[in-house]
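What follows is coords39.txt (compact mmCIF, C-alpha atoms).
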# COMPACT_ATOMS: atom_id res chain seq x y z
CA MET A 1 0.00 0.00 0.00
CA SER A 2 1.31 3.51 -0.80
CA VAL A 3 2.20 6.10 1.81
CA SER A 4 -0.83 8.17 0.82
CA GLY A 5 -3.02 5.09 1.20
CA ASN A 6 -1.71 4.46 4.72
CA GLN A 7 -2.30 8.05 5.68
CA SER A 8 -5.85 7.86 4.36
CA LEU A 9 -6.52 4.69 6.37
CA ILE A 10 -5.07 6.22 9.54
CA HIS A 11 -7.20 9.35 9.01
CA SER A 12 -10.32 7.20 8.58
CA VAL A 13 -9.59 5.29 11.81
CA ILE A 14 -9.06 8.52 13.73
CA MET A 15 -12.33 9.98 12.43
CA LEU A 16 -14.20 6.77 13.31
CA LYS A 17 -12.86 6.88 16.89
CA ARG A 18 -13.94 10.49 17.22
CA LYS A 19 -17.44 9.64 16.03
CA LEU A 20 -17.65 6.73 18.48
CA ASN A 21 -16.49 8.97 21.33
CA ILE A 22 -19.16 11.51 20.42
CA LEU A 23 -21.85 8.80 20.31
CA LEU A 24 -20.77 7.53 23.72
CA LEU A 25 -20.70 11.04 25.13
CA VAL A 26 -24.18 12.06 23.96
CA PRO A 27 -26.12 9.86 26.48
CA LEU A 28 -23.89 11.04 29.31
CA VAL A 29 -24.47 14.66 28.36
CA PHE A 30 -28.21 14.01 28.12
CA VAL A 31 -28.33 12.44 31.59
CA ALA A 32 -26.24 15.26 33.04
CA VAL A 33 -28.50 17.90 31.46
CA SER A 34 -31.59 16.11 32.77
CA CYS A 35 -30.08 15.92 36.23
CA VAL A 36 -29.25 19.62 36.19
CA THR A 37 -32.74 20.49 34.95
CA GLU A 38 -34.54 18.51 37.65
CA LYS A 39 -32.34 19.76 40.47
CA ARG A 40 -32.66 23.33 39.24
CA LEU A 41 -36.45 23.04 39.30
CA ALA A 42 -36.30 21.39 42.72
CA ARG A 43 -34.23 24.29 44.00
CA GLU A 44 -36.81 26.73 42.62
CA PHE A 45 -39.53 24.89 44.53
CA VAL A 46 -37.59 24.80 47.81
CA ASP A 47 -36.49 28.45 47.63
CA ASN A 48 -39.99 29.62 46.68
CA PRO A 49 -42.51 27.28 48.36
CA PRO A 50 -45.98 27.33 46.80
CA GLU A 51 -48.45 29.84 48.19
CA ASN A 52 -51.25 27.30 47.86
CA LYS A 53 -53.15 26.47 51.01
CA PHE A 54 -53.05 22.88 52.24
CA VAL A 55 -55.34 21.13 54.68
CA VAL A 56 -54.06 18.01 56.41
CA MET A 57 -56.68 15.77 57.98
CA SER A 58 -55.06 13.75 60.73
CA PRO A 59 -56.10 10.13 61.36
CA SER A 60 -58.66 9.38 64.04
CA THR A 61 -58.26 5.61 64.12
CA VAL A 62 -55.28 3.29 63.82
CA PHE A 63 -55.93 -0.24 62.60
CA LYS A 64 -53.76 -2.59 64.62
CA GLU A 65 -53.21 -6.29 64.08
CA SER A 66 -50.78 -9.08 64.76
CA LEU A 67 -49.79 -11.30 61.87
CA LYS A 68 -48.02 -13.75 64.15
CA PRO A 69 -49.47 -17.27 64.44
CA VAL A 70 -51.58 -17.91 67.52
CA GLN A 71 -49.61 -19.86 70.11
CA ASP A 72 -52.49 -21.54 71.90
CA THR A 73 -56.27 -21.65 71.72
CA LEU A 74 -58.89 -23.52 73.70
CA VAL A 75 -61.48 -22.91 71.01
CA ARG A 76 -62.05 -25.83 68.67
CA LYS A 77 -61.98 -24.78 65.03
CA PRO A 78 -61.87 -21.04 65.77
CA SER A 79 -63.07 -18.61 63.11
CA GLN A 80 -60.66 -16.23 61.41
CA ARG A 81 -62.08 -13.39 63.48
CA GLN A 82 -61.41 -15.32 66.69
CA LEU A 83 -57.85 -16.09 65.53
CA ASP A 84 -57.27 -12.42 64.76
CA SER A 85 -58.51 -11.43 68.21
CA LEU A 86 -56.33 -14.03 69.93
CA ALA A 87 -53.28 -12.96 67.90
CA PHE A 88 -53.90 -9.36 68.95
CA LEU A 89 -54.14 -10.31 72.63
CA GLU A 90 -50.88 -12.28 72.35
CA SER A 91 -49.06 -9.42 70.58
CA GLU A 92 -45.97 -7.90 72.18
CA PHE A 93 -46.48 -4.34 70.94
CA VAL A 94 -49.62 -3.37 69.03
CA GLN A 95 -52.08 -4.11 71.83
CA PHE A 96 -50.30 -1.49 73.94
CA ILE A 97 -50.44 1.27 71.29
CA THR A 98 -53.74 3.10 71.67
CA ASP A 99 -55.13 5.36 68.97
CA SER A 100 -54.59 8.46 71.08
CA MET A 101 -51.03 7.44 71.92
CA PHE A 102 -50.24 6.96 68.23
CA ILE A 103 -51.69 10.33 67.21
CA ASP A 104 -49.96 12.13 70.09
CA LEU A 105 -46.61 10.73 68.93
CA TYR A 106 -47.18 11.07 65.19
CA MET A 107 -48.91 14.41 64.58
CA PRO A 108 -46.58 16.79 66.52
CA ALA A 109 -43.61 15.38 64.58
CA PHE A 110 -45.56 15.73 61.33
CA LYS A 111 -46.46 19.35 62.09
CA ASN A 112 -42.92 20.29 63.11
CA GLU A 113 -41.48 18.99 59.85
CA MET A 114 -44.17 20.66 57.72
CA ASP A 115 -43.48 23.98 59.47
CA SER A 116 -39.75 23.58 58.86
CA LEU A 117 -40.41 22.97 55.16
CA GLY A 118 -42.33 26.24 54.84
CA LEU A 119 -45.73 25.06 53.59
CA ASN A 120 -48.98 26.88 54.39
CA VAL A 121 -50.81 24.12 56.26
CA ILE A 122 -54.05 24.05 58.24
CA TYR A 123 -55.05 20.96 60.20
CA ASN A 124 -58.40 19.21 60.53
CA GLU A 125 -60.65 22.04 59.31
CA LEU A 126 -61.76 23.59 56.05
CA PRO A 127 -62.15 27.38 56.40
CA GLN A 128 -64.90 28.91 54.28
CA VAL A 129 -62.32 30.65 52.11
CA PHE A 130 -61.26 27.22 50.87
CA TYR A 131 -64.57 26.90 49.06
CA ASP A 132 -63.93 30.03 47.03
CA THR A 133 -63.59 28.82 43.44
CA ALA A 134 -60.68 31.18 42.94
CA THR A 135 -58.77 29.61 45.81
CA SER A 136 -56.05 27.14 44.94
CA ALA A 137 -56.28 24.79 47.90
CA TYR A 138 -55.53 21.12 48.39
CA ILE A 139 -56.42 18.44 50.93
CA PHE A 140 -54.12 15.73 52.24
CA ASP A 141 -56.34 13.29 54.09
CA ILE A 142 -54.37 10.71 56.09
CA ALA A 143 -57.23 8.35 55.43
CA GLN A 144 -55.93 5.10 56.90
CA VAL A 145 -53.12 4.09 59.22
CA GLN A 146 -52.25 0.47 59.88
CA LEU A 147 -49.81 -0.89 62.45
CA GLN A 148 -48.93 -4.56 61.94
CA GLU A 149 -46.82 -6.77 64.16
CA PHE A 150 -45.16 -9.75 62.49
CA SER A 151 -42.47 -12.38 62.80
CA GLU A 152 -40.30 -13.73 60.01
CA ILE A 153 -37.53 -16.24 59.43
CA GLN A 154 -34.14 -14.99 58.31
CA TYR A 155 -30.95 -16.91 57.67
CA ASP A 156 -27.40 -15.76 58.24
CA LYS A 157 -25.21 -17.60 55.71
CA GLU A 158 -21.53 -17.93 54.93
CA VAL A 159 -19.37 -20.24 52.82
CA ILE A 160 -16.22 -21.48 54.60
CA MET A 161 -13.83 -23.84 52.82
CA ASP A 162 -16.45 -24.59 50.13
CA GLN A 163 -18.99 -25.54 52.80
CA LEU A 164 -22.21 -23.56 53.31
CA TYR A 165 -23.10 -22.77 56.93
CA TYR A 166 -26.29 -21.07 58.01
CA GLN A 167 -28.06 -19.98 61.17
CA LYS A 168 -31.81 -19.57 61.40
CA HIS A 169 -33.34 -16.60 63.25
CA ILE A 170 -36.96 -15.77 63.99
CA LEU A 171 -37.22 -11.98 64.11
CA ASP A 172 -40.04 -9.73 65.29
CA GLY A 173 -40.98 -6.55 63.47
CA VAL A 174 -43.64 -3.96 62.71
CA HIS A 175 -45.04 -2.46 59.52
CA LEU A 176 -46.43 1.07 59.68
CA ASN A 177 -48.62 1.55 56.61
CA VAL A 178 -50.27 4.82 55.62
CA TRP A 179 -52.70 5.71 52.84
CA VAL A 180 -53.12 9.40 52.01
CA GLU A 181 -55.83 10.83 49.74
CA PHE A 182 -54.79 13.96 47.86
CA GLN A 183 -57.23 16.18 45.98
CA LYS A 184 -57.94 19.75 45.04
CA VAL A 185 -60.76 21.63 46.75
CA ASN A 186 -63.81 22.49 44.60
CA LYS A 187 -63.34 19.47 42.34
CA PRO A 188 -66.36 17.38 43.42
CA GLY A 189 -66.23 15.05 40.44
CA GLN A 190 -62.53 14.35 40.71
CA LYS A 191 -61.42 11.21 42.47
CA PRO A 192 -58.65 11.71 45.04
CA MET A 193 -55.17 10.49 44.26
CA VAL A 194 -54.20 7.73 46.71
CA LEU A 195 -50.61 7.68 48.01
CA PHE A 196 -49.09 4.83 50.02
CA SER A 197 -46.08 4.37 52.28
CA GLU A 198 -44.77 1.42 54.27
CA ILE A 199 -42.17 1.80 57.01
CA THR A 200 -40.73 -1.41 58.49
CA ARG A 201 -38.64 -1.97 61.59
CA ARG A 202 -37.46 -5.36 62.84
CA ASP A 203 -35.05 -6.99 65.29
CA GLU A 204 -31.44 -6.47 64.29
CA VAL A 205 -29.02 -9.41 64.24
CA ASP A 206 -25.25 -9.05 64.44
CA GLY A 207 -23.76 -12.50 63.84
CA ILE A 208 -20.52 -14.03 62.66
CA PHE A 209 -19.26 -17.50 61.76
CA HIS A 210 -15.75 -18.29 62.96
CA GLN A 211 -13.59 -21.36 62.42
CA ASN A 212 -11.11 -22.88 64.86
CA GLN A 213 -7.84 -22.94 62.93
CA LEU A 214 -6.63 -26.08 64.77
CA SER A 215 -9.74 -28.26 64.82
CA GLY A 216 -11.53 -26.77 61.80
CA GLU A 217 -14.75 -26.59 63.81
CA VAL A 218 -17.10 -23.77 62.76
CA LYS A 219 -19.14 -21.97 65.39
CA TYR A 220 -21.60 -19.10 65.20
CA SER A 221 -21.80 -16.16 67.61
CA TYR A 222 -24.47 -13.50 67.55
CA LYS A 223 -26.41 -10.92 69.46
CA ILE A 224 -29.90 -9.59 68.73
CA ASN A 225 -31.05 -6.04 69.31
CA GLU A 226 -34.68 -6.86 70.01
CA LEU A 227 -37.52 -4.45 69.48
CA GLU A 228 -39.16 -3.08 72.58
CA LEU A 229 -42.25 -0.95 73.08
CA GLU A 230 -40.17 2.22 73.40
CA ALA A 231 -38.57 1.50 70.03
CA ILE A 232 -42.03 1.17 68.45
CA LYS A 233 -42.95 4.58 69.85
CA ASN A 234 -39.80 6.01 68.27
CA VAL A 235 -40.81 4.44 64.95
CA ILE A 236 -44.18 6.22 65.14
CA THR A 237 -42.57 9.58 65.93
CA ARG A 238 -40.02 9.22 63.13
CA ALA A 239 -42.85 8.27 60.77
CA GLY A 240 -44.47 11.65 61.46
CA TYR A 241 -41.33 13.46 60.30
CA THR A 242 -40.85 11.07 57.39
CA HIS A 243 -44.39 11.34 56.03
CA ALA A 244 -44.31 15.14 56.18
CA SER A 245 -41.09 15.01 54.18
CA TYR A 246 -42.70 12.57 51.73
CA LEU A 247 -45.61 14.97 51.16
CA PHE A 248 -43.20 17.81 50.47
CA ASP A 249 -41.28 15.58 48.05
CA PHE A 250 -44.52 14.67 46.32
CA LEU A 251 -45.43 18.32 45.75
CA MET A 252 -41.89 19.14 44.65
CA ASN A 253 -41.86 16.32 42.10
CA GLN A 254 -45.31 17.30 40.85
CA TYR A 255 -43.88 20.77 40.23
CA ILE A 256 -40.82 19.37 38.46
CA ARG A 257 -43.00 17.20 36.25
CA ALA A 258 -45.34 20.07 35.35
CA MET A 259 -42.45 22.37 34.43
CA MET A 260 -40.72 19.72 32.33
CA MET A 261 -43.93 18.73 30.57
CA LYS A 262 -44.21 22.30 29.29
CA LYS A 263 -41.06 21.57 27.28
CA GLU A 264 -42.29 18.11 26.30
CA ALA A 265 -39.87 16.37 28.64
CA LYS A 266 -40.37 13.96 31.53
CA PRO A 267 -38.42 13.56 34.78
CA ARG A 268 -36.00 10.65 34.72
CA TYR A 269 -36.21 9.99 38.45
CA TYR A 270 -37.93 11.04 41.67
CA LEU A 271 -36.08 13.46 43.96
CA HIS A 272 -36.02 13.65 47.74
CA TYR A 273 -35.16 16.91 49.50
CA ASN A 274 -32.81 16.36 52.45
CA ARG A 275 -33.60 19.44 54.52
CA GLU A 276 -30.77 19.01 57.00
CA GLU A 277 -28.12 18.87 54.25
CA ASP A 278 -30.03 21.12 51.82
CA ALA A 279 -29.46 18.54 49.08
CA PHE A 280 -31.47 16.58 46.51
CA VAL A 281 -31.06 12.83 46.03
CA PRO A 282 -32.89 10.36 43.76
CA VAL A 283 -35.08 7.83 45.58
CA TYR A 284 -37.21 4.88 44.54
CA ASN A 285 -39.01 3.30 47.50
CA SER A 286 -38.42 5.92 50.21
CA ARG A 287 -41.41 8.03 49.25
CA PHE A 288 -45.15 8.01 48.78
CA ILE A 289 -46.08 5.62 45.98
CA ARG A 290 -49.13 6.46 43.92
CA GLN A 291 -51.71 3.66 44.00
CA LYS A 292 -53.39 2.74 40.73

Entire entry expressed as structure tokens:
Amino acid sequence: MSVSGNQSLIHSVIMLKRKLNILLLVPLVFVAVSCVTEKRLAREFVDNPPENKFVVMSPSTVFKESLKPVQDTLVRKPSQRQLDSLAFLESEFVQFITDSMFIDLYMPAFKNEMDSLGLNVIYNELPQVFYDTATSAYIFDIAQVQLQEFSEIQYDKEVIMDQLYYQKHILDGVHLNVWVEFQKVNKPGQKPMVLFSEITRRDEVDGIFHQNQLSGEVKYSYKINELELEAIKNVITRAGYTHASYLFDFLMNQYIRAMMMKKEAKPRYYLHYNREEDAFVPVYNSRFIRQK
């Protein structure tokens, strides 16, 4: 091949590499631009909270149940209702959480976080001004709260010298489930949007397998940080702060979506506002999930 032919081939290879680099760079630039756009809109929302009025209806009842199997019953062929009642009476935690106790722990934390986030919130009442058709007002109705006690089997596993070792644990835990109905005032024909959150807390196990270097025997050592009633109360209080933050995130992401839709774009992910660090982070499960 001639010198000019070699030079032409080298030039073609160089141009091909440049084109490939550009093609690889385009998605990265797109993602970066999208990220910047969403965080810029989120910052706009945080720095200039909406002037809309919001009513939050606090829960009046907490549905409590134990999902643990009944240990003993004198009733022959008990009904499901009887089994549920017996499980509740045998529960370690939920039978001791009254509705008023839950609300007294949950709502002050919720209100404190909402105040810190700068939203215009009224609780448990609808002033007459809300019915003015010119008023842009919204209702967050904490329609249902469920506290479930459960037990589950977990295994701690490790492979040592090509041999699988495992230790079985039966752990206790609680689910705190919340359903929130969100709707605009003066929209009688509009169905509320239902939002859902589940917060779970369980016993914590810290275990380790260790092998005797002389005998080769494998033993397992562990300690369990078991849930207690006081820990359940802390879960309820933290849930108040968390759910207020989730509501703020929901409104912020609704704003981001609306602004991006004006330019025929869609958000690529859901953002959470970390108030303490004044930062935005993508989240998937740690938020209110819209129910279909």

Discussion item. Report, in Å with one decimal, the straight-line distance from CA of Pro192 in chain A to CA of Met252 in chain A.
Written reply: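 Computed distance, CA of Pro192 in chain A to CA of Met252 in chain A, equals 18.3 Å.
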
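Atom pair CA of Tyr165 in chain A / CA of Tyr222 in chain A: separated by 14.2 Å.
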
Discussion item. So that I can check the surroundings of Ser58 in chain A, please list as an NGL selection string every protein, DNA and RNA residue that reaches within 12 Å of it, counting only C-alpha atoms and ignoring chain neighbours fewer than 5 positions away.
Written reply: :A and (99-100 or 102-104 or 106-108 or 110-111 or 122-125 or 139-145 or 178-181 or 240 or 243-244)

I need the residues from that last selection saved to file as a compact mmCIF listing (two decimals), in the coordinates of the input (with C-alpha atoms), if you can.
# COMPACT_ATOMS: atom_id res chain seq x y z
CA ASP A 99 -55.13 5.36 68.97
CA SER A 100 -54.59 8.46 71.08
CA PHE A 102 -50.24 6.96 68.23
CA ILE A 103 -51.69 10.33 67.21
CA ASP A 104 -49.96 12.13 70.09
CA TYR A 106 -47.18 11.07 65.19
CA MET A 107 -48.91 14.41 64.58
CA PRO A 108 -46.58 16.79 66.52
CA PHE A 110 -45.56 15.73 61.33
CA LYS A 111 -46.46 19.35 62.09
CA ILE A 122 -54.05 24.05 58.24
CA TYR A 123 -55.05 20.96 60.20
CA ASN A 124 -58.40 19.21 60.53
CA GLU A 125 -60.65 22.04 59.31
CA ILE A 139 -56.42 18.44 50.93
CA PHE A 140 -54.12 15.73 52.24
CA ASP A 141 -56.34 13.29 54.09
CA ILE A 142 -54.37 10.71 56.09
CA ALA A 143 -57.23 8.35 55.43
CA GLN A 144 -55.93 5.10 56.90
CA VAL A 145 -53.12 4.09 59.22
CA VAL A 178 -50.27 4.82 55.62
CA TRP A 179 -52.70 5.71 52.84
CA VAL A 180 -53.12 9.40 52.01
CA GLU A 181 -55.83 10.83 49.74
CA GLY A 240 -44.47 11.65 61.46
CA HIS A 243 -44.39 11.34 56.03
CA ALA A 244 -44.31 15.14 56.18

Fill in: Residues near Ala42 in chain A, cut-off 9 Å, all atoms listed in the file, skip fewer than 5 positions along chain, as number ranges by chain
A: 37, 47, 252-253, 255-256, 271, 273, 280

Discussion item. Quick one: residues within 9 Å of Ser85 in chain A, only C-alpha atoms, excluding same-chain residues fewer than 4 positions away - as a PyMOL selection string?
Written reply: chain A and resi 65-66+80-81+89-90

Practice prompt. For range 275-277 of chain A, list every protein, DNA or RNA residue within 10 Å, evaluated using all atoms listed in the file, and leave out those in the same chain fewer than 2 positions away; present the list as a list in words.
Written response: Val46, Glu113, Ser116, Leu117, Ser245, His272, Tyr273, Ala279 and Phe280 of chain A

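Of the residues under consideration (A:Phe182, A:Lys64, A:Met193, A:Asp203), A:Lys64 shows the shortest atom-to-atom contact distance to Gln148 in chain A when counting all atoms listed in the file.
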
Worksheet item: To one decimal place, how far is CA of Pro282 in chain A from CA of Glu264 in chain A in Å?
Response: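 These atoms are spaced 21.3 Å apart.
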
Practice prompt. Check the smallest atom-to-atom distance from each of A:Leu164, A:Leu86, A:Ile236, A:Val36 to Val62 in chain A using only C-alpha atoms, then report the winner.
Written response: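 The closest residue to Val62 in chain A is A:Ile236.
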